[in-house]
>>> print(open('model.txt').read())   # compact mmCIF, N, CA and C atoms
# COMPACT_ATOMS: atom_id res chain seq x y z
N MET A 772 -4.33 -27.56 10.21
CA MET A 772 -5.36 -26.76 9.58
C MET A 772 -4.72 -25.90 8.48
N ARG A 773 -5.33 -25.89 7.33
CA ARG A 773 -4.78 -25.16 6.19
C ARG A 773 -5.16 -23.68 6.25
N LEU A 774 -4.30 -22.87 5.71
CA LEU A 774 -4.52 -21.43 5.68
C LEU A 774 -5.55 -21.06 4.62
N LYS A 775 -6.21 -19.92 4.84
CA LYS A 775 -7.20 -19.45 3.86
C LYS A 775 -6.56 -19.15 2.51
N THR A 776 -5.28 -18.76 2.52
CA THR A 776 -4.60 -18.49 1.25
C THR A 776 -4.49 -19.76 0.41
N GLU A 777 -4.39 -20.91 1.06
CA GLU A 777 -4.34 -22.19 0.35
C GLU A 777 -5.75 -22.66 -0.01
N LEU A 778 -6.65 -22.57 0.94
CA LEU A 778 -8.01 -23.08 0.74
C LEU A 778 -8.80 -22.29 -0.30
N TYR A 779 -8.64 -20.99 -0.30
CA TYR A 779 -9.49 -20.12 -1.12
C TYR A 779 -8.69 -19.29 -2.12
N ALA A 780 -7.63 -19.84 -2.65
CA ALA A 780 -6.77 -19.09 -3.58
C ALA A 780 -7.56 -18.59 -4.79
N GLU A 781 -8.42 -19.41 -5.34
CA GLU A 781 -9.19 -19.02 -6.53
C GLU A 781 -10.19 -17.91 -6.20
N GLN A 782 -10.88 -18.03 -5.07
CA GLN A 782 -11.85 -17.00 -4.68
C GLN A 782 -11.14 -15.68 -4.37
N GLN A 783 -9.98 -15.75 -3.72
CA GLN A 783 -9.22 -14.54 -3.44
C GLN A 783 -8.78 -13.86 -4.72
N LYS A 784 -8.32 -14.65 -5.67
CA LYS A 784 -7.90 -14.10 -6.96
C LYS A 784 -9.08 -13.42 -7.65
N GLN A 785 -10.24 -14.04 -7.59
CA GLN A 785 -11.44 -13.48 -8.22
C GLN A 785 -11.82 -12.13 -7.57
N ILE A 786 -11.76 -12.04 -6.26
CA ILE A 786 -12.09 -10.79 -5.57
C ILE A 786 -11.07 -9.70 -5.92
N ARG A 787 -9.79 -10.07 -5.96
CA ARG A 787 -8.76 -9.09 -6.35
C ARG A 787 -8.99 -8.59 -7.77
N GLU A 788 -9.31 -9.52 -8.68
CA GLU A 788 -9.57 -9.13 -10.08
C GLU A 788 -10.78 -8.19 -10.16
N GLU A 789 -11.79 -8.47 -9.37
CA GLU A 789 -12.97 -7.61 -9.34
C GLU A 789 -12.62 -6.20 -8.84
N LEU A 790 -11.78 -6.14 -7.83
CA LEU A 790 -11.34 -4.85 -7.30
C LEU A 790 -10.49 -4.09 -8.33
N ILE A 791 -9.60 -4.79 -9.00
CA ILE A 791 -8.78 -4.18 -10.05
C ILE A 791 -9.66 -3.64 -11.16
N GLU A 792 -10.70 -4.38 -11.50
CA GLU A 792 -11.65 -3.94 -12.54
C GLU A 792 -12.42 -2.70 -12.07
N LEU A 793 -12.88 -2.71 -10.83
CA LEU A 793 -13.61 -1.56 -10.29
C LEU A 793 -12.77 -0.29 -10.33
N LEU A 794 -11.49 -0.43 -10.02
CA LEU A 794 -10.58 0.72 -9.96
C LEU A 794 -9.98 1.06 -11.32
N ASN A 795 -10.25 0.22 -12.30
CA ASN A 795 -9.75 0.44 -13.67
C ASN A 795 -8.22 0.49 -13.69
N LEU A 796 -7.58 -0.37 -12.92
CA LEU A 796 -6.12 -0.34 -12.82
C LEU A 796 -5.41 -0.91 -14.04
N LYS A 797 -6.13 -1.65 -14.86
CA LYS A 797 -5.51 -2.16 -16.08
C LYS A 797 -5.34 -1.06 -17.11
N GLU A 798 -6.20 -0.06 -17.06
CA GLU A 798 -6.13 1.07 -17.99
C GLU A 798 -5.26 2.20 -17.44
N THR A 799 -5.49 2.54 -16.18
CA THR A 799 -4.70 3.60 -15.55
C THR A 799 -4.08 3.00 -14.30
N ASN A 800 -2.87 3.35 -14.02
CA ASN A 800 -2.22 2.75 -12.86
C ASN A 800 -2.24 3.68 -11.65
N CYS A 801 -3.13 4.66 -11.66
CA CYS A 801 -3.17 5.58 -10.51
C CYS A 801 -4.60 5.83 -10.05
N LEU A 802 -4.66 6.35 -8.84
CA LEU A 802 -5.94 6.63 -8.20
C LEU A 802 -5.75 7.90 -7.39
N ILE A 803 -6.65 8.85 -7.56
CA ILE A 803 -6.58 10.11 -6.81
C ILE A 803 -7.56 10.02 -5.65
N LEU A 804 -7.04 10.21 -4.46
CA LEU A 804 -7.83 10.04 -3.25
C LEU A 804 -9.07 10.93 -3.24
N TYR A 805 -8.94 12.17 -3.63
CA TYR A 805 -10.07 13.10 -3.64
C TYR A 805 -11.20 12.58 -4.54
N GLU A 806 -10.84 12.06 -5.70
CA GLU A 806 -11.85 11.53 -6.63
C GLU A 806 -12.54 10.31 -6.04
N LEU A 807 -11.77 9.47 -5.37
CA LEU A 807 -12.35 8.30 -4.72
C LEU A 807 -13.28 8.73 -3.58
N ASP A 808 -12.88 9.74 -2.83
CA ASP A 808 -13.72 10.25 -1.74
C ASP A 808 -15.05 10.80 -2.27
N GLN A 809 -15.04 11.36 -3.46
CA GLN A 809 -16.25 11.94 -4.05
C GLN A 809 -17.14 10.90 -4.72
N ASP A 810 -16.58 9.77 -5.10
CA ASP A 810 -17.32 8.74 -5.84
C ASP A 810 -17.97 7.74 -4.87
N LYS A 811 -19.14 8.09 -4.38
CA LYS A 811 -19.85 7.27 -3.39
C LYS A 811 -20.24 5.91 -3.96
N GLU A 812 -20.55 5.87 -5.24
CA GLU A 812 -20.94 4.61 -5.88
C GLU A 812 -19.77 3.61 -5.86
N LEU A 813 -18.59 4.08 -6.19
CA LEU A 813 -17.41 3.21 -6.17
C LEU A 813 -17.09 2.76 -4.74
N GLN A 814 -17.20 3.66 -3.79
CA GLN A 814 -16.99 3.29 -2.39
C GLN A 814 -17.95 2.18 -1.98
N GLU A 815 -19.19 2.33 -2.38
CA GLU A 815 -20.21 1.33 -2.03
C GLU A 815 -19.89 -0.02 -2.66
N LYS A 816 -19.44 -0.01 -3.91
CA LYS A 816 -19.09 -1.27 -4.58
C LYS A 816 -17.92 -1.95 -3.87
N ILE A 817 -16.95 -1.17 -3.43
CA ILE A 817 -15.82 -1.73 -2.70
C ILE A 817 -16.29 -2.30 -1.36
N MET A 818 -17.12 -1.55 -0.66
CA MET A 818 -17.62 -2.02 0.63
C MET A 818 -18.54 -3.23 0.48
N ASP A 819 -19.19 -3.37 -0.66
CA ASP A 819 -20.04 -4.54 -0.92
C ASP A 819 -19.23 -5.83 -1.02
N LEU A 820 -17.93 -5.71 -1.20
CA LEU A 820 -17.06 -6.89 -1.24
C LEU A 820 -16.79 -7.46 0.16
N LEU A 821 -17.11 -6.69 1.20
CA LEU A 821 -16.78 -7.10 2.57
C LEU A 821 -17.26 -8.50 2.97
N PRO A 822 -18.50 -8.88 2.70
CA PRO A 822 -18.91 -10.22 3.11
C PRO A 822 -18.05 -11.32 2.48
N ARG A 823 -17.70 -11.16 1.22
CA ARG A 823 -16.85 -12.15 0.55
C ARG A 823 -15.42 -12.09 1.08
N ILE A 824 -14.96 -10.90 1.40
CA ILE A 824 -13.62 -10.76 1.98
C ILE A 824 -13.56 -11.48 3.32
N HIS A 825 -14.59 -11.32 4.13
CA HIS A 825 -14.66 -12.01 5.42
C HIS A 825 -14.57 -13.52 5.24
N ASN A 826 -15.23 -14.04 4.23
CA ASN A 826 -15.25 -15.49 4.00
C ASN A 826 -13.92 -16.04 3.52
N TYR A 827 -13.24 -15.32 2.64
CA TYR A 827 -12.11 -15.89 1.92
C TYR A 827 -10.74 -15.35 2.31
N PHE A 828 -10.68 -14.32 3.12
CA PHE A 828 -9.39 -13.76 3.54
C PHE A 828 -9.28 -13.82 5.05
N SER A 829 -8.09 -14.06 5.53
CA SER A 829 -7.81 -14.03 6.96
C SER A 829 -7.40 -12.61 7.33
N MET A 830 -8.37 -11.82 7.75
CA MET A 830 -8.11 -10.41 7.98
C MET A 830 -8.69 -9.93 9.31
N SER A 831 -8.74 -10.77 10.28
CA SER A 831 -9.36 -10.39 11.55
C SER A 831 -8.62 -9.26 12.27
N THR A 832 -7.34 -9.08 11.98
CA THR A 832 -6.58 -8.02 12.66
C THR A 832 -6.61 -6.69 11.91
N ILE A 833 -7.21 -6.65 10.74
CA ILE A 833 -7.26 -5.42 9.96
C ILE A 833 -8.55 -4.68 10.28
N THR A 834 -8.42 -3.51 10.83
CA THR A 834 -9.56 -2.74 11.32
C THR A 834 -10.57 -2.45 10.22
N ALA A 835 -10.12 -2.15 9.02
CA ALA A 835 -11.04 -1.81 7.93
C ALA A 835 -11.97 -2.96 7.60
N ILE A 836 -11.50 -4.17 7.78
CA ILE A 836 -12.32 -5.34 7.49
C ILE A 836 -13.19 -5.70 8.69
N SER A 837 -12.58 -5.74 9.86
CA SER A 837 -13.30 -6.15 11.06
C SER A 837 -14.28 -5.09 11.56
N TYR A 838 -13.84 -3.84 11.56
CA TYR A 838 -14.66 -2.74 12.09
C TYR A 838 -14.60 -1.54 11.13
N PRO A 839 -15.24 -1.62 9.98
CA PRO A 839 -15.14 -0.53 9.00
C PRO A 839 -15.67 0.81 9.50
N ASP A 840 -16.54 0.80 10.50
CA ASP A 840 -17.10 2.05 11.02
C ASP A 840 -16.10 2.83 11.88
N LYS A 841 -15.02 2.18 12.29
CA LYS A 841 -14.07 2.83 13.20
C LYS A 841 -12.99 3.64 12.49
N ILE A 842 -12.87 3.51 11.18
CA ILE A 842 -11.84 4.28 10.49
C ILE A 842 -12.45 5.18 9.43
N LYS A 843 -11.70 6.21 9.07
CA LYS A 843 -12.22 7.25 8.19
C LYS A 843 -12.48 6.76 6.77
N ARG A 844 -11.54 6.03 6.19
CA ARG A 844 -11.67 5.57 4.80
C ARG A 844 -11.42 4.06 4.72
N PRO A 845 -12.38 3.26 5.11
CA PRO A 845 -12.16 1.81 5.08
C PRO A 845 -11.94 1.28 3.66
N TYR A 846 -12.54 1.93 2.67
CA TYR A 846 -12.39 1.48 1.29
C TYR A 846 -10.94 1.60 0.82
N VAL A 847 -10.21 2.61 1.28
CA VAL A 847 -8.79 2.75 0.92
C VAL A 847 -7.98 1.64 1.58
N SER A 848 -8.29 1.36 2.82
CA SER A 848 -7.59 0.30 3.53
C SER A 848 -7.82 -1.05 2.86
N ILE A 849 -9.05 -1.30 2.44
CA ILE A 849 -9.37 -2.55 1.75
C ILE A 849 -8.56 -2.65 0.46
N ILE A 850 -8.53 -1.59 -0.31
CA ILE A 850 -7.76 -1.58 -1.56
C ILE A 850 -6.29 -1.92 -1.28
N ARG A 851 -5.72 -1.23 -0.33
CA ARG A 851 -4.29 -1.42 -0.03
C ARG A 851 -3.99 -2.83 0.46
N HIS A 852 -4.82 -3.36 1.34
CA HIS A 852 -4.55 -4.69 1.90
C HIS A 852 -4.77 -5.80 0.88
N LEU A 853 -5.75 -5.67 0.04
CA LEU A 853 -6.00 -6.73 -0.93
C LEU A 853 -5.00 -6.72 -2.08
N LEU A 854 -4.50 -5.55 -2.43
CA LEU A 854 -3.63 -5.45 -3.60
C LEU A 854 -2.14 -5.36 -3.27
N LYS A 855 -1.78 -5.34 -2.01
CA LYS A 855 -0.37 -5.12 -1.65
C LYS A 855 0.56 -6.25 -2.11
N ASN A 856 0.06 -7.46 -2.27
CA ASN A 856 0.93 -8.55 -2.73
C ASN A 856 1.14 -8.52 -4.24
N GLU A 857 0.17 -8.00 -4.97
CA GLU A 857 0.26 -7.94 -6.42
C GLU A 857 0.87 -6.63 -6.92
N TYR A 858 0.68 -5.56 -6.16
CA TYR A 858 1.11 -4.23 -6.58
C TYR A 858 1.98 -3.58 -5.52
N GLN A 859 2.96 -2.85 -5.99
CA GLN A 859 3.65 -1.93 -5.09
C GLN A 859 2.84 -0.65 -5.16
N ILE A 860 2.42 -0.14 -4.02
CA ILE A 860 1.55 1.03 -3.98
C ILE A 860 2.36 2.22 -3.47
N LEU A 861 2.51 3.21 -4.34
CA LEU A 861 3.27 4.41 -4.00
C LEU A 861 2.31 5.57 -3.88
N SER A 862 2.57 6.48 -2.97
CA SER A 862 1.70 7.65 -2.86
C SER A 862 2.52 8.92 -2.93
N THR A 863 1.93 9.93 -3.56
CA THR A 863 2.56 11.24 -3.67
C THR A 863 1.53 12.31 -3.37
N GLU A 864 2.02 13.46 -2.97
CA GLU A 864 1.13 14.61 -2.78
C GLU A 864 0.62 15.03 -4.15
N TYR A 865 -0.62 15.49 -4.19
CA TYR A 865 -1.23 15.89 -5.45
C TYR A 865 -2.12 17.10 -5.19
N THR A 866 -2.05 18.09 -6.07
CA THR A 866 -2.86 19.29 -5.92
C THR A 866 -3.80 19.42 -7.10
N ILE A 867 -5.08 19.59 -6.79
CA ILE A 867 -6.09 19.83 -7.82
C ILE A 867 -6.36 21.32 -7.81
N LYS A 868 -6.10 21.95 -8.93
CA LYS A 868 -6.26 23.41 -9.02
C LYS A 868 -7.72 23.76 -9.24
N THR A 869 -8.30 24.46 -8.28
CA THR A 869 -9.70 24.90 -8.37
C THR A 869 -9.79 26.32 -7.83
N GLU A 870 -10.89 26.93 -8.10
CA GLU A 870 -11.17 28.27 -7.55
C GLU A 870 -12.16 28.09 -6.40
N PRO A 871 -12.09 28.75 -5.36
CA PRO A 871 -11.17 29.81 -4.95
C PRO A 871 -9.85 29.28 -4.38
N LYS A 872 -9.81 28.01 -3.94
CA LYS A 872 -8.53 27.52 -3.42
C LYS A 872 -8.26 26.11 -3.94
N ASN A 873 -7.01 25.74 -3.95
CA ASN A 873 -6.60 24.43 -4.45
C ASN A 873 -6.92 23.34 -3.43
N ILE A 874 -7.07 22.13 -3.95
CA ILE A 874 -7.36 20.98 -3.09
C ILE A 874 -6.10 20.11 -3.03
N ARG A 875 -5.62 19.88 -1.83
CA ARG A 875 -4.46 19.00 -1.64
C ARG A 875 -4.95 17.62 -1.29
N THR A 876 -4.41 16.63 -1.97
CA THR A 876 -4.83 15.25 -1.76
C THR A 876 -3.64 14.34 -2.05
N LYS A 877 -3.90 13.06 -2.19
CA LYS A 877 -2.86 12.09 -2.52
C LYS A 877 -3.20 11.40 -3.83
N ARG A 878 -2.15 11.03 -4.53
CA ARG A 878 -2.30 10.22 -5.73
C ARG A 878 -1.56 8.91 -5.45
N TYR A 879 -2.27 7.80 -5.63
CA TYR A 879 -1.67 6.48 -5.43
C TYR A 879 -1.33 5.89 -6.79
N TYR A 880 -0.10 5.39 -6.90
CA TYR A 880 0.34 4.69 -8.11
C TYR A 880 0.43 3.21 -7.80
N PHE A 881 -0.08 2.40 -8.71
CA PHE A 881 -0.08 0.95 -8.54
C PHE A 881 0.85 0.36 -9.60
N VAL A 882 1.96 -0.23 -9.14
CA VAL A 882 2.93 -0.83 -10.05
C VAL A 882 2.91 -2.33 -9.80
N ARG A 883 2.58 -3.10 -10.85
CA ARG A 883 2.53 -4.55 -10.69
C ARG A 883 3.89 -5.07 -10.26
N ARG A 884 3.91 -5.95 -9.31
CA ARG A 884 5.18 -6.47 -8.79
C ARG A 884 5.96 -7.23 -9.86
N GLN A 885 5.29 -7.91 -10.77
CA GLN A 885 6.00 -8.62 -11.84
C GLN A 885 6.69 -7.64 -12.78
N ASP A 886 6.14 -6.42 -12.93
CA ASP A 886 6.78 -5.40 -13.76
C ASP A 886 8.05 -4.87 -13.10
N ILE A 887 8.08 -4.89 -11.79
CA ILE A 887 9.25 -4.40 -11.05
C ILE A 887 10.42 -5.36 -11.24
N LYS A 888 10.15 -6.66 -11.20
CA LYS A 888 11.20 -7.67 -11.30
C LYS A 888 11.82 -7.72 -12.69
N SER A 889 11.07 -7.32 -13.69
CA SER A 889 11.57 -7.39 -15.08
C SER A 889 12.68 -6.42 -15.33
>>> encode(input="model.txt", output="structure tokens")
Amino acid sequence: MRLKTELYAEQQKQIREELIELLNLKETNCLILYELDQDKELQEKIMDLLPRIHNYFSMSTITAISYPDKIKRPYVSIIRHLLKNEYQILSTEYTIKTEPKNIRTKRYYFVRRQDIKS
């Protein structure tokens, strides 16, 4: 029996490209967690990919895909799992300066793996 990575390589690539486009990673290589948490429309678009992800990816052991209601931020888990082969994902602490108090969050940097090898 052939693996889903072999059977559905084109569909997987298309879903990854769609996710990269949604996150605007070609223009900016970073994502601020707080902004993603506030952007309900983007979260919904990412979660709308779930039926296609179920069909074309072998992800039965990943909680965000199998049981998205059981984890706090399934959309972040989906991003990380789908893009981990194409991008090295680095995270750093990030502070957004606001009044009356600052907001501490994470900033994720996405570095294309082919850029690393060069």
>>> closest_residue(input="model.txt", among="A:Ile850, A:Thr834, A:Phe881, A:Glu857", to="Lys784 of chain A", atoms="only C-alpha atoms")
A:Glu857
>>> residues_around(input="model.txt", residues="Ser829 of chain A", least_positions_apart="6", cutoff="8 Å", atoms="only N, CA and C atoms", output="PyMOL selection string")
chain A and resi 774-776
>>> write_last_selection(input="model.txt", atoms="N, CA and C atoms", output="short mmCIF file (atom, residue, chain, number, x, y, z; two decimals), in the coordinates of the input")
data_model
loop_
_atom_site.label_atom_id
_atom_site.label_comp_id
_atom_site.auth_asym_id
_atom_site.auth_seq_id
_atom_site.Cartn_x
_atom_site.Cartn_y
_atom_site.Cartn_z
N LEU A 774 -4.30 -22.87 5.71
CA LEU A 774 -4.52 -21.43 5.68
C LEU A 774 -5.55 -21.06 4.62
N LYS A 775 -6.21 -19.92 4.84
CA LYS A 775 -7.20 -19.45 3.86
C LYS A 775 -6.56 -19.15 2.51
N THR A 776 -5.28 -18.76 2.52
CA THR A 776 -4.60 -18.49 1.25
C THR A 776 -4.49 -19.76 0.41
#
>>> closest_atom_pairs(input="model.txt", of="segment 833-861 of chain A", to="segment 824-828 of chain A", cutoff="10 Å", atoms="only C-alpha atoms", output="tab-separated table")
residue	atom	partner	partner_atom	distance
A:Ile836	CA	A:His825	CA	7.4
A:Ser837	CA	A:His825	CA	8.2
A:Ile849	CA	A:Ile824	CA	9.2
A:Leu853	CA	A:Phe828	CA	9.0
>>> atom_distance(input="model.txt", atom1="atom C of Glu781 of chain A", atom2="atom C of Leu813 of chain A")
21.8 Å
>>> atom_distance(input="model.txt", atom1="atom CA of Arg884 of chain A", atom2="atom CA of Asp808 of chain A")
26.2 Å
>>> atom_distance(input="model.txt", atom1="atom CA of Leu796 of chain A", atom2="atom C of Tyr880 of chain A")
9.0 Å
>>> residues_near_point(input="model.txt", point="(-15.7, -8.1, -5.3)", cutoff="5 Å", atoms="only N, CA and C atoms", output="list in words")
Ile786, Glu789 and Leu820 of chain A
>>> select_by_dssp(input="model.txt", residues="segment 775-888 of chain A", states="strand (DSSP E)", output="PyMOL selection string")
chain A and resi 801-803+858-867+874-883
>>> write_last_selection(input="model.txt", atoms="N, CA and C atoms", output="compact mmCIF listing (two decimals), in the coordinates of the input")
# COMPACT_ATOMS: atom_id res chain seq x y z
N CYS A 801 -3.13 4.66 -11.66
CA CYS A 801 -3.17 5.58 -10.51
C CYS A 801 -4.60 5.83 -10.05
N LEU A 802 -4.66 6.35 -8.84
CA LEU A 802 -5.94 6.63 -8.20
C LEU A 802 -5.75 7.90 -7.39
N ILE A 803 -6.65 8.85 -7.56
CA ILE A 803 -6.58 10.11 -6.81
C ILE A 803 -7.56 10.02 -5.65
N TYR A 858 0.68 -5.56 -6.16
CA TYR A 858 1.11 -4.23 -6.58
C TYR A 858 1.98 -3.58 -5.52
N GLN A 859 2.96 -2.85 -5.99
CA GLN A 859 3.65 -1.93 -5.09
C GLN A 859 2.84 -0.65 -5.16
N ILE A 860 2.42 -0.14 -4.02
CA ILE A 860 1.55 1.03 -3.98
C ILE A 860 2.36 2.22 -3.47
N LEU A 861 2.51 3.21 -4.34
CA LEU A 861 3.27 4.41 -4.00
C LEU A 861 2.31 5.57 -3.88
N SER A 862 2.57 6.48 -2.97
CA SER A 862 1.70 7.65 -2.86
C SER A 862 2.52 8.92 -2.93
N THR A 863 1.93 9.93 -3.56
CA THR A 863 2.56 11.24 -3.67
C THR A 863 1.53 12.31 -3.37
N GLU A 864 2.02 13.46 -2.97
CA GLU A 864 1.13 14.61 -2.78
C GLU A 864 0.62 15.03 -4.15
N TYR A 865 -0.62 15.49 -4.19
CA TYR A 865 -1.23 15.89 -5.45
C TYR A 865 -2.12 17.10 -5.19
N THR A 866 -2.05 18.09 -6.07
CA THR A 866 -2.86 19.29 -5.92
C THR A 866 -3.80 19.42 -7.10
N ILE A 867 -5.08 19.59 -6.79
CA ILE A 867 -6.09 19.83 -7.82
C ILE A 867 -6.36 21.32 -7.81
N ILE A 874 -7.07 22.13 -3.95
CA ILE A 874 -7.36 20.98 -3.09
C ILE A 874 -6.10 20.11 -3.03
N ARG A 875 -5.62 19.88 -1.83
CA ARG A 875 -4.46 19.00 -1.64
C ARG A 875 -4.95 17.62 -1.29
N THR A 876 -4.41 16.63 -1.97
CA THR A 876 -4.83 15.25 -1.76
C THR A 876 -3.64 14.34 -2.05
N LYS A 877 -3.90 13.06 -2.19
CA LYS A 877 -2.86 12.09 -2.52
C LYS A 877 -3.20 11.40 -3.83
N ARG A 878 -2.15 11.03 -4.53
CA ARG A 878 -2.30 10.22 -5.73
C ARG A 878 -1.56 8.91 -5.45
N TYR A 879 -2.27 7.80 -5.63
CA TYR A 879 -1.67 6.48 -5.43
C TYR A 879 -1.33 5.89 -6.79
N TYR A 880 -0.10 5.39 -6.90
CA TYR A 880 0.34 4.69 -8.11
C TYR A 880 0.43 3.21 -7.80
N PHE A 881 -0.08 2.40 -8.71
CA PHE A 881 -0.08 0.95 -8.54
C PHE A 881 0.85 0.36 -9.60
N VAL A 882 1.96 -0.23 -9.14
CA VAL A 882 2.93 -0.83 -10.05
C VAL A 882 2.91 -2.33 -9.80
N ARG A 883 2.58 -3.10 -10.85
CA ARG A 883 2.53 -4.55 -10.69
C ARG A 883 3.89 -5.07 -10.26
>>> residues_near_point(input="model.txt", point="(-9.7, 2.2, 6.3)", cutoff="5 Å", atoms="all atoms listed in the file", output="PyMOL selection string")
chain A and resi 835+844-846+848
>>> residues_around(input="model.txt", residues="segment 873-876 of chain A", least_positions_apart="3", cutoff="8 Å", atoms="all atoms listed in the file", output="ChimeraX atom specification")
/A:803-806,863-870,879
